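Pasted below: query.cif, mmCIF, C-alpha atoms.
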data_protein
loop_
_atom_site.label_atom_id
_atom_site.label_comp_id
_atom_site.auth_asym_id
_atom_site.auth_seq_id
_atom_site.Cartn_x
_atom_site.Cartn_y
_atom_site.Cartn_z
CA MET A 23 64.84 205.01 39.93
CA ARG A 24 66.51 207.84 41.85
CA GLU A 25 66.78 207.14 45.59
CA HIS A 26 66.14 209.76 48.27
CA LEU A 27 68.85 210.75 50.71
CA PRO A 28 68.77 209.01 54.11
CA SER A 29 66.19 210.29 56.56
CA VAL A 30 66.94 211.53 60.07
CA PRO A 31 66.51 208.03 61.63
CA TRP A 32 69.20 206.75 59.29
CA ILE A 33 71.54 209.54 60.35
CA LEU A 34 70.92 208.70 64.02
CA ALA A 35 71.59 205.02 63.34
CA VAL A 36 74.87 205.87 61.66
CA ALA A 37 75.86 208.11 64.58
CA VAL A 38 75.20 205.27 67.03
CA ALA A 39 77.27 202.92 64.87
CA CYS A 40 80.13 205.46 64.84
CA LEU A 41 80.14 205.58 68.62
CA ALA A 42 80.06 201.79 68.82
CA VAL A 43 83.07 201.43 66.54
CA LEU A 44 85.01 204.07 68.46
CA ALA A 45 84.23 202.36 71.76
CA ALA A 46 85.68 199.07 70.54
CA PRO A 47 89.43 198.36 70.46
CA ALA A 48 90.71 197.71 66.95
CA ALA A 49 90.82 193.96 66.77
CA HIS A 50 90.06 191.74 63.82
CA ALA A 51 91.28 188.47 62.40
CA THR A 52 94.38 189.93 60.91
CA ASN A 53 96.76 190.00 57.99
CA GLY A 54 99.32 192.08 59.84
CA TYR A 55 96.88 194.54 61.38
CA PHE A 56 94.48 194.68 58.42
CA THR A 57 91.32 192.60 58.66
CA HIS A 58 91.13 189.45 56.55
CA GLY A 59 87.85 190.58 54.95
CA TYR A 60 85.10 193.20 54.97
CA GLY A 61 81.48 192.20 55.54
CA THR A 62 80.08 188.89 56.77
CA ILE A 63 79.52 187.42 53.32
CA THR A 64 83.05 188.09 52.08
CA LYS A 65 84.56 187.00 55.41
CA GLY A 66 82.90 183.61 54.90
CA MET A 67 85.12 183.32 51.79
CA ALA A 68 88.33 184.31 53.66
CA GLY A 69 88.10 187.87 52.32
CA ALA A 70 88.17 186.94 48.63
CA GLY A 71 85.85 189.16 46.62
CA VAL A 72 87.53 192.02 44.75
CA ALA A 73 85.84 190.60 41.62
CA LEU A 74 82.69 189.31 43.35
CA PRO A 75 80.32 192.03 44.63
CA VAL A 76 77.95 190.50 47.18
CA ASP A 77 76.96 193.34 49.53
CA THR A 78 77.63 196.99 50.33
CA MET A 79 80.93 196.19 52.08
CA ILE A 80 82.43 195.43 48.65
CA ALA A 81 83.33 199.13 48.67
CA ALA A 82 86.02 198.49 51.31
CA THR A 83 87.58 195.91 48.98
CA ASN A 84 86.73 197.38 45.56
CA PRO A 85 84.64 200.57 45.22
CA ALA A 86 83.65 199.64 41.66
CA GLY A 87 81.66 196.70 42.99
CA LEU A 88 78.90 198.95 44.33
CA ALA A 89 77.79 199.55 40.74
CA PHE A 90 76.66 195.90 40.64
CA VAL A 91 75.06 195.76 44.11
CA GLY A 92 72.08 198.08 43.64
CA LYS A 93 70.03 199.43 46.51
CA ARG A 94 70.94 197.59 49.71
CA TYR A 95 71.73 197.95 53.42
CA ASP A 96 73.98 195.76 55.60
CA ALA A 97 74.71 195.90 59.32
CA GLY A 98 76.82 193.41 61.25
CA LEU A 99 78.56 192.63 64.50
CA ALA A 100 81.67 190.49 64.98
CA ILE A 101 82.82 188.77 68.16
CA PHE A 102 86.58 188.43 67.89
CA ASN A 103 88.78 186.25 70.09
CA PRO A 104 92.56 186.68 69.67
CA ASN A 105 94.76 184.65 72.00
CA ARG A 106 98.18 186.32 72.30
CA GLU A 107 101.18 185.07 74.23
CA TYR A 108 104.90 185.71 74.45
CA LYS A 109 107.60 183.57 76.00
CA VAL A 110 111.07 184.56 77.17
CA ILE A 111 113.54 181.66 77.31
CA GLY A 112 116.90 182.08 79.04
CA ALA A 113 118.06 184.14 82.00
CA PRO A 114 119.21 187.72 81.48
CA SER A 115 122.98 188.15 81.45
CA GLY A 116 123.06 191.20 83.68
CA PHE A 117 125.93 192.63 81.66
CA PRO A 118 126.15 196.45 81.47
CA GLY A 119 124.32 197.89 78.48
CA THR A 120 122.04 194.87 78.01
CA PHE A 121 118.26 194.86 78.32
CA GLY A 122 117.25 191.46 79.62
CA LEU A 123 113.68 190.27 80.20
CA ILE A 124 112.42 188.07 83.00
CA PRO A 125 112.04 184.45 81.79
CA SER A 126 108.31 183.78 81.64
CA ALA A 127 105.30 182.90 79.52
CA VAL A 128 102.69 185.66 79.60
CA GLU A 129 99.24 185.67 78.01
CA SER A 130 97.45 188.86 77.04
CA ASP A 131 94.13 189.61 78.74
CA SER A 132 91.13 191.24 76.97
CA GLU A 133 90.26 188.18 74.93
CA TYR A 134 86.90 189.22 73.42
CA PHE A 135 86.05 192.23 71.29
CA PHE A 136 82.79 193.35 69.66
CA ILE A 137 83.22 195.10 66.29
CA PRO A 138 80.22 196.54 64.35
CA TYR A 139 79.96 197.71 60.75
CA PHE A 140 77.38 199.36 58.52
CA GLY A 141 77.00 199.84 54.77
CA ALA A 142 74.40 201.35 52.45
CA ASN A 143 74.09 201.85 48.70
CA TRP A 144 71.60 203.99 46.75
CA GLU A 145 70.93 204.10 43.01
CA LEU A 146 71.38 207.63 41.63
CA GLY A 147 70.16 206.73 38.16
CA PRO A 148 70.94 204.27 35.36
CA ASN A 149 74.38 202.71 36.00
CA ARG A 150 75.26 205.11 38.87
CA THR A 151 75.29 204.53 42.62
CA PHE A 152 76.40 206.21 45.83
CA GLY A 153 77.41 204.23 48.89
CA PHE A 154 78.26 204.89 52.53
CA ASN A 155 80.36 202.63 54.77
CA LEU A 156 81.48 202.65 58.36
CA TYR A 157 83.95 200.08 59.65
CA GLY A 158 87.09 199.55 61.71
CA HIS A 159 90.10 197.29 61.56
CA GLY A 160 93.36 196.65 63.34
CA GLY A 161 95.06 194.11 65.53
CA MET A 162 97.73 195.98 67.48
CA ASN A 163 96.05 195.32 70.82
CA THR A 164 97.74 193.68 73.80
CA ASP A 165 97.11 193.75 77.53
CA TYR A 166 99.74 191.97 79.61
CA PRO A 167 98.89 191.96 83.33
CA ALA A 168 102.04 190.56 84.93
CA ALA A 169 105.10 192.61 85.85
CA THR A 170 107.43 190.64 83.62
CA PHE A 171 107.65 192.80 80.52
CA PHE A 172 110.08 195.73 80.69
CA ALA A 173 109.72 195.53 84.50
CA SER A 174 106.32 197.23 84.34
CA SER A 175 102.69 196.29 84.90
CA PRO A 176 100.35 196.56 83.18
CA THR A 177 101.88 196.68 79.70
CA GLY A 178 100.18 196.85 76.34
CA VAL A 179 98.93 198.72 73.32
CA ASP A 180 95.40 199.83 72.42
CA LEU A 181 94.92 201.03 68.85
CA SER A 182 91.43 201.81 67.51
CA GLN A 183 90.78 202.79 63.89
CA LEU A 184 87.53 204.02 62.35
CA PHE A 185 86.91 204.54 58.62
CA ILE A 186 84.01 206.56 57.22
CA THR A 187 83.66 206.47 53.44
CA GLY A 188 81.46 207.67 50.62
CA THR A 189 81.68 205.89 47.27
CA TYR A 190 80.65 206.90 43.77
CA ALA A 191 80.53 204.02 41.29
CA PHE A 192 79.35 203.85 37.70
CA LYS A 193 79.05 201.35 34.89
CA THR A 194 80.04 201.89 31.28
CA PRO A 195 77.15 201.99 28.75
CA SER A 196 77.55 198.27 28.09
CA GLY A 197 76.88 197.54 31.77
CA ASN A 198 79.77 195.04 31.89
CA HIS A 199 82.48 197.27 33.31
CA ALA A 200 82.49 199.57 36.32
CA PHE A 201 84.74 202.07 38.04
CA GLY A 202 84.56 203.46 41.56
CA ILE A 203 86.23 206.07 43.73
CA MET A 204 85.98 206.19 47.51
CA PRO A 205 87.29 209.10 49.64
CA ILE A 206 88.17 207.85 53.13
CA PHE A 207 88.14 209.70 56.42
CA ALA A 208 90.18 207.88 59.07
CA PHE A 209 90.18 208.31 62.83
CA GLN A 210 92.71 206.65 65.14
CA GLN A 211 92.92 206.38 68.90
CA PHE A 212 96.06 205.08 70.58
CA GLU A 213 97.38 204.33 74.05
CA ILE A 214 100.48 202.52 75.29
CA GLN A 215 101.49 201.54 78.80
CA GLY A 216 104.52 199.96 80.41
CA VAL A 217 107.41 200.95 78.11
CA GLY A 218 108.92 203.62 80.35
CA SER A 219 112.10 201.53 80.59
CA PHE A 220 112.94 202.79 77.09
CA ALA A 221 113.24 206.38 78.37
CA PRO A 222 117.06 206.45 77.87
CA PHE A 223 116.46 205.69 74.18
CA SER A 224 113.72 208.30 73.64
CA SER A 225 113.93 211.78 72.15
CA ASN A 226 111.21 212.86 74.60
CA ALA A 227 110.74 210.57 77.58
CA ALA A 228 107.66 212.52 78.71
CA LYS A 229 105.98 211.55 75.43
CA LEU A 230 106.88 207.86 75.52
CA SER A 231 104.45 205.89 77.69
CA ASN A 232 101.39 206.04 79.95
CA ASN A 233 99.98 209.28 78.55
CA GLY A 234 96.39 208.10 78.14
CA LYS A 235 94.48 207.97 74.88
CA ASP A 236 95.62 210.21 72.02
CA THR A 237 93.74 210.72 68.74
CA SER A 238 94.70 211.24 65.11
CA THR A 239 92.75 211.96 61.91
CA GLY A 240 93.59 211.82 58.23
CA PHE A 241 92.36 211.19 54.72
CA GLY A 242 92.98 208.84 51.83
CA PHE A 243 91.16 207.30 48.91
CA LYS A 244 90.46 204.01 47.19
CA VAL A 245 89.85 203.42 43.48
CA GLY A 246 88.72 200.28 41.72
CA TYR A 247 87.75 198.54 38.50
CA LEU A 248 85.43 195.57 38.05
CA GLY A 249 84.70 193.93 34.71
CA GLN A 250 82.31 191.14 33.78
CA TRP A 251 84.43 189.86 30.91
CA THR A 252 82.21 186.86 30.15
CA PRO A 253 78.96 185.60 31.71
CA SER A 254 81.03 183.33 33.98
CA PHE A 255 84.27 185.28 34.50
CA SER A 256 84.99 188.64 36.14
CA PHE A 257 88.18 190.52 37.00
CA GLY A 258 88.66 193.18 39.67
CA ALA A 259 91.46 195.44 40.89
CA SER A 260 91.71 198.15 43.52
CA TYR A 261 94.26 200.47 45.08
CA GLN A 262 94.05 202.19 48.46
CA SER A 263 96.35 205.15 48.97
CA GLU A 264 98.62 205.63 51.93
CA MET A 265 96.72 207.74 54.45
CA GLY A 266 98.63 210.63 55.93
CA MET A 267 97.53 210.91 59.56
CA ASP A 268 98.09 213.61 62.15
CA GLU A 269 100.83 212.71 64.63
CA PHE A 270 100.09 211.17 68.01
CA SER A 271 101.61 214.17 69.81
CA ASP A 272 101.32 212.53 73.24
CA TYR A 273 103.59 209.75 71.95
CA ALA A 274 106.09 211.86 69.99
CA GLY A 275 108.90 210.18 71.94
CA LEU A 276 107.82 206.69 70.83
CA PHE A 277 106.79 206.59 67.18
CA ALA A 278 109.17 207.64 64.42
CA GLU A 279 108.57 211.05 62.82
CA GLN A 280 107.54 212.62 66.15
CA GLY A 281 104.52 210.40 66.71
CA GLY A 282 103.68 209.58 63.11
CA PHE A 283 101.46 206.59 62.44
CA ASP A 284 100.22 206.72 58.85
CA ILE A 285 98.11 203.92 57.36
CA PRO A 286 99.84 201.90 54.60
CA SER A 287 98.67 201.55 51.03
CA THR A 288 97.27 198.30 49.62
CA TYR A 289 96.89 196.76 46.17
CA THR A 290 94.41 193.98 45.40
CA VAL A 291 93.69 192.06 42.20
CA GLY A 292 91.45 189.06 41.75
CA VAL A 293 89.08 187.00 39.66
CA ALA A 294 85.74 185.29 40.13
CA PHE A 295 84.67 182.29 38.09
CA ARG A 296 81.26 180.64 37.99
CA ALA A 297 82.32 177.00 37.69
CA THR A 298 78.69 175.80 37.64
CA PRO A 299 75.36 177.61 37.94
CA GLN A 300 75.55 176.89 41.68
CA LEU A 301 79.29 177.26 42.46
CA THR A 302 81.40 180.42 42.22
CA VAL A 303 85.13 180.52 42.97
CA ALA A 304 86.93 183.75 43.92
CA LEU A 305 90.69 184.30 44.12
CA ASP A 306 92.38 187.50 45.38
CA VAL A 307 95.99 188.56 45.83
CA GLN A 308 96.63 191.52 48.13
CA GLU A 309 99.83 193.44 48.89
CA THR A 310 100.08 195.64 52.00
CA MET A 311 102.96 198.12 52.09
CA TYR A 312 103.83 198.15 55.80
CA SER A 313 107.49 199.01 55.16
CA ASP A 314 106.52 202.43 53.74
CA ILE A 315 105.36 203.63 57.17
CA ALA A 316 108.37 204.67 59.27
CA SER A 317 106.84 203.92 62.68
CA VAL A 318 105.78 200.45 61.50
CA GLY A 319 108.51 199.51 59.02
CA ASN A 320 111.70 201.00 60.52
CA PRO A 321 113.85 198.20 61.98
CA PHE A 322 114.49 198.09 65.72
CA LEU A 323 118.25 197.81 65.23
CA PRO A 324 120.46 199.54 64.28
CA ASN A 325 117.95 202.45 64.39
CA LEU A 326 117.61 202.38 68.17
CA VAL A 327 121.33 203.20 68.63
CA LEU A 328 121.62 205.56 65.66
CA GLN A 329 118.67 207.84 66.43
CA PRO A 330 116.36 208.13 69.45
CA LEU A 331 112.80 206.90 69.53
CA GLY A 332 110.56 209.52 67.97
CA ALA A 333 113.16 210.76 65.48
CA ASP A 334 112.52 210.49 61.74
CA ALA A 335 114.64 207.35 61.54
CA GLY A 336 113.81 206.17 65.05
CA ALA A 337 113.23 202.50 65.75
CA GLY A 338 109.93 200.98 64.66
CA PHE A 339 108.35 197.54 64.63
CA GLY A 340 110.34 196.34 61.61
CA TRP A 341 107.32 195.03 59.71
CA GLN A 342 107.87 193.87 56.14
CA ASP A 343 105.40 194.17 53.26
CA MET A 344 102.83 191.39 53.27
CA THR A 345 101.38 189.43 50.35
CA THR A 346 98.14 187.57 51.08
CA VAL A 347 96.39 185.06 48.81
CA LYS A 348 92.67 184.50 49.44
CA LEU A 349 90.56 181.69 47.97
CA GLY A 350 86.80 181.53 48.46
CA PHE A 351 83.89 179.33 47.38
CA GLN A 352 80.22 180.24 47.27
CA TYR A 353 77.61 177.53 46.71
CA ALA A 354 73.98 178.48 46.04
CA PRO A 355 71.98 175.29 45.46
CA GLY A 356 68.69 177.15 45.08
CA GLY A 357 66.21 178.18 47.71
CA PRO A 358 66.94 180.46 50.66
CA TRP A 359 70.37 179.08 51.64
CA THR A 360 73.82 180.03 50.31
CA TRP A 361 76.99 178.37 51.68
CA ARG A 362 80.57 179.67 51.74
CA PHE A 363 84.07 178.40 52.50
CA GLY A 364 87.49 180.00 52.28
CA TYR A 365 91.20 179.86 52.97
CA SER A 366 93.79 182.62 52.98
CA SER A 367 97.53 182.55 53.52
CA GLY A 368 100.29 185.11 53.80
CA ASP A 369 103.78 185.32 55.25
CA GLN A 370 103.40 187.28 58.48
CA PRO A 371 105.28 190.60 58.46
CA ILE A 372 107.49 190.21 61.57
CA PRO A 373 111.01 188.86 60.96
CA GLU A 374 112.77 186.97 63.74
CA THR A 375 115.10 189.94 64.30
CA GLU A 376 112.15 192.12 65.41
CA VAL A 377 110.58 190.08 68.21
CA LEU A 378 111.38 192.42 71.14
CA PHE A 379 109.27 195.44 70.22
CA ASN A 380 106.60 193.22 68.68
CA ILE A 381 105.71 191.74 72.05
CA LEU A 382 103.44 194.80 71.95
CA ALA A 383 102.03 194.03 68.48
CA PRO A 384 102.33 190.30 67.68
CA GLY A 385 100.73 190.34 64.23
CA VAL A 386 102.05 186.88 63.37
CA MET A 387 98.95 185.28 61.79
CA GLU A 388 99.44 183.48 58.47
CA ASP A 389 96.58 181.06 57.71
CA HIS A 390 92.83 181.61 57.99
CA TYR A 391 90.07 179.00 57.50
CA THR A 392 86.52 180.28 57.11
CA PHE A 393 82.94 179.09 56.83
CA GLY A 394 79.74 181.03 56.28
CA PHE A 395 76.17 181.02 55.07
CA SER A 396 73.23 183.28 54.28
CA ARG A 397 69.53 182.59 54.64
CA GLN A 398 67.02 184.78 52.86
CA THR A 399 64.02 185.10 55.15
CA THR A 400 61.74 187.09 52.85
CA PRO A 401 62.36 188.80 49.51
CA GLY A 402 64.95 191.52 50.06
CA LYS A 403 65.92 190.40 53.58
CA ALA A 404 68.59 187.94 54.75
CA TRP A 405 70.68 186.88 57.72
CA ASN A 406 74.39 186.16 57.22
CA PHE A 407 76.89 184.25 59.34
CA SER A 408 80.65 183.73 59.15
CA LEU A 409 83.16 181.85 61.31
CA LEU A 410 86.94 182.07 61.13
CA TYR A 411 89.63 179.97 62.72
CA ALA A 412 93.26 181.04 62.42
CA PRO A 413 95.49 178.30 63.85
CA SER A 414 98.40 179.13 66.09
CA SER A 415 101.30 180.88 64.39
CA SER A 416 104.55 182.02 65.95
CA VAL A 417 107.91 183.65 65.35
CA THR A 418 111.01 183.16 67.51
CA GLY A 419 114.20 185.19 67.65
CA ASP A 420 116.97 186.41 69.92
CA ASN A 421 116.46 189.33 72.27
CA PRO A 422 118.39 191.93 70.25
CA LEU A 423 119.42 193.88 73.38
CA GLU A 424 120.97 190.89 75.12
CA VAL A 425 124.18 188.91 74.66
CA PRO A 426 123.71 186.99 71.38
CA GLY A 427 122.13 183.61 72.05
CA ARG A 428 121.44 184.40 75.71
CA GLN A 429 117.67 184.95 75.47
CA GLN A 430 115.04 183.98 72.95
CA ILE A 431 111.59 185.55 72.56
CA GLU A 432 108.66 183.67 71.03
CA LEU A 433 105.50 185.46 69.90
CA GLU A 434 102.42 183.29 69.37
CA MET A 435 98.79 183.86 68.50
CA ASN A 436 95.64 182.05 67.38
CA GLN A 437 92.29 183.62 66.54
CA TRP A 438 88.56 182.99 66.28
CA ASP A 439 86.09 185.37 64.68
CA LEU A 440 82.32 184.96 64.58
CA GLU A 441 80.18 187.51 62.76
CA VAL A 442 76.45 187.91 62.19
CA SER A 443 74.83 190.50 59.94
CA TYR A 444 71.45 191.46 58.55
CA SER A 445 70.86 192.61 54.99
CA TRP A 446 67.74 194.34 53.74
CA GLY A 447 66.29 196.59 51.07
CA PHE A 448 67.72 194.65 48.11
#
Please express what this file holds, its structure, as structure tokens.
Amino acid sequence: MREHLPSVPWILAVAVACLAVLAAPAAHATNGYFTHGYGTITKGMAGAGVALPVDTMIAATNPAGLAFVGKRYDAGLAIFNPNREYKVIGAPSGFPGTFGLIPSAVESDSEYFFIPYFGANWELGPNRTFGFNLYGHGGMNTDYPAATFFASSPTGVDLSQLFITGTYAFKTPSGNHAFGIMPIFAFQQFEIQGVGSFAPFSSNAAKLSNNGKDTSTGFGFKVGYLGQWTPSFSFGASYQSEMGMDEFSDYAGLFAEQGGFDIPSTYTVGVAFRATPQLTVALDVQETMYSDIASVGNPFLPNLVLQPLGADAGAGFGWQDMTTVKLGFQYAPGGPWTWRFGYSSGDQPIPETEVLFNILAPGVMEDHYTFGFSRQTTPGKAWNFSLLYAPSSSVTGDNPLEVPGRQQIELEMNQWDLEVSYSWGF
């Protein structure tokens, strides 16, 4: 049956959700600075689900999955707790031309963040659907209160990202295979404080630090395939394009390419297997191309001495591409309850040579352990819950602007993420 377009109350609800996402710093349990999963149900399985459509947020993982979801609405709220810390070991040398840090152990403030999301899917006719999603992700958020970092206080980064998408998905006549395409509008908001000490290295010191919040917009797309190859086995694949974003003009003396901060592309492939009528296993492999983005992937050295900050080849955070493997289990014994577990692992993207700049963005997480459940309250309505624990992970390296071996910097983080959502209309 053809579904009507959303009514005015729906539009108002979406507008409120947009404002809520924009008001929240970008912070999620992270693979680099991408979230480990989209939607409460998938997050309970550590983000695995490119071949397992379970709710409307499948579009953010694989747009083709909406063809198997049908009419449905999902709204959720996460409470995220990242605990970030850096340590400086060893006294500064004081030699001319060095950039020593004060020996200390400093924890980042702002420990709790509230992140909402919303998704909807409508049936346009036989084998055709249209979906809408609103969500954010990130992780480059730090707030160091003490005057120990770059001789400035406070110091930190605040990056917020909002994604608004519309998805068209369709099945082939057999009903076993589906394709989807999802145009993406992206909005970013950025602020940095406390890095004025880098002014001698900047192409524009007035556009380096403490310039308030700057905004950026851009577009990209995601495409996907999902096939039910047998009654118990499905395969999915998706690709998200690199998103070309407007420059952060107020920080043209910080980010490479005169304030450029594009969003990297990702590739995901995976399978889902129904081992028993009650147990389904999902396995995803995801590649995130951080090194393609100059401001993120350019190494700190030798770039810092070859070109100034803000130049096309200016220093960046030195992040490497990241491969993440996600394994999830869903157990539905019958009745209103469904239970989920998951584990994901990936080599964090920060090499030990890049620890200095990444005090600002310590995306060092590697392992995630998750648990979740759903309880259907009445036909077509359910509550969902997920909990994530990411144990402490760290990277240690020499201060690259000090005498070799004189100072070491350790970046460390652990994370908790609790999310609750409500699903209806299915």
task: One decimal, Å: what's the distance from CA of Ser132 (chain A) over to CA of Asn105 (chain A), could you say?
output: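 Computed distance, CA of Ser132 (chain A) to CA of Asn105 (chain A), equals 9.0 Å.
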message: Would you compute the distance between CA of Gly242 (chain A) and CA of Gly188 (chain A)? Give it in Å to one decimal.
response: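 It comes out at 11.6 Å.
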query: Can you list what the PyMOL selection byres ((chain A and resi 141) around 8) grabs from this structure, as a PyMOL selection string?
result: chain A and resi 78-79+95-97+139-140+142-143+153-156
Cut-off 9 Å around (104.7, 212.6, 70.6) with all atoms listed in the file: residues as number ranges by chain: A: 226, 228-230, 269-277, 279-282, 332
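Omitting Glu133 (chain A) and its sequence neighbours fewer than 4 positions away, and counting all atoms listed in the file, the residues within 9 Å are Phe102, Asn103, Pro104, Asn105 and Arg106 of chain A.
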query: Hey, what's within 10 Å of Leu409 (chain A) if we count all atoms listed in the file and toss same-chain stuff fewer than 3 positions away? As a list in words, please?
result: Thr62, Lys65, Gly66, Met67, Ala68, Ala100, Ile101, Phe102, Phe363, Tyr391, Thr392, Phe393, Gly394, Phe395, Trp438, Asp439, Leu440, Glu441 and Val442 of chain A
query: Hey, can you check how far CA of Leu378 (chain A) sits from CA of Pro222 (chain A)?
result: 16.6 Å
message: If the PyMOL selection byres ((chain A and resi 382) around 12) were run on this exact file, what residues would it hold? Put them as a ChimeraX atom specification.
response: /A:106-108,128-130,161-166,171-172,176-181,213-217,338-339,376-381,383-386,433-434
message: Here is a test: counting all atoms listed in the file, which residue of A:Thr310, A:Thr194, A:Asn421, A:Ser445 is nearest to Asp343 (chain A)?
response: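 With all atoms listed in the file as the atom set, the closest residue is A:Thr310.
For the file at hand, the PyMOL selection byres ((chain A and resi 447) around 7) resolves to Lys93, Arg94, Tyr95, Gly402, Lys403, Trp446 and Phe448 of chain A.
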Selected residues written out, C-alpha atoms, as an mmCIF file, in the coordinates of the input:
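Final file, part-v1.cif:
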data_model
loop_
_atom_site.group_PDB
_atom_site.id
_atom_site.type_symbol
_atom_site.label_atom_id
_atom_site.label_comp_id
_atom_site.auth_asym_id
_atom_site.auth_seq_id
_atom_site.Cartn_x
_atom_site.Cartn_y
_atom_site.Cartn_z
ATOM 1 C CA LYS A 93 70.030 199.430 46.510
ATOM 2 C CA ARG A 94 70.940 197.590 49.710
ATOM 3 C CA TYR A 95 71.730 197.950 53.420
ATOM 4 C CA GLY A 402 64.950 191.520 50.060
ATOM 5 C CA LYS A 403 65.920 190.400 53.580
ATOM 6 C CA TRP A 446 67.740 194.340 53.740
ATOM 7 C CA PHE A 448 67.720 194.650 48.110
#
Edge lengths and centre in Å, axis-aligned, region 216-220 of chain A plus 6 Å each side, as lines of an AutoDock Vina configuration file:
center_x = 108.7
center_y = 201.8
center_z = 78.8
size_x = 20.4
size_y = 15.7
size_z = 15.5
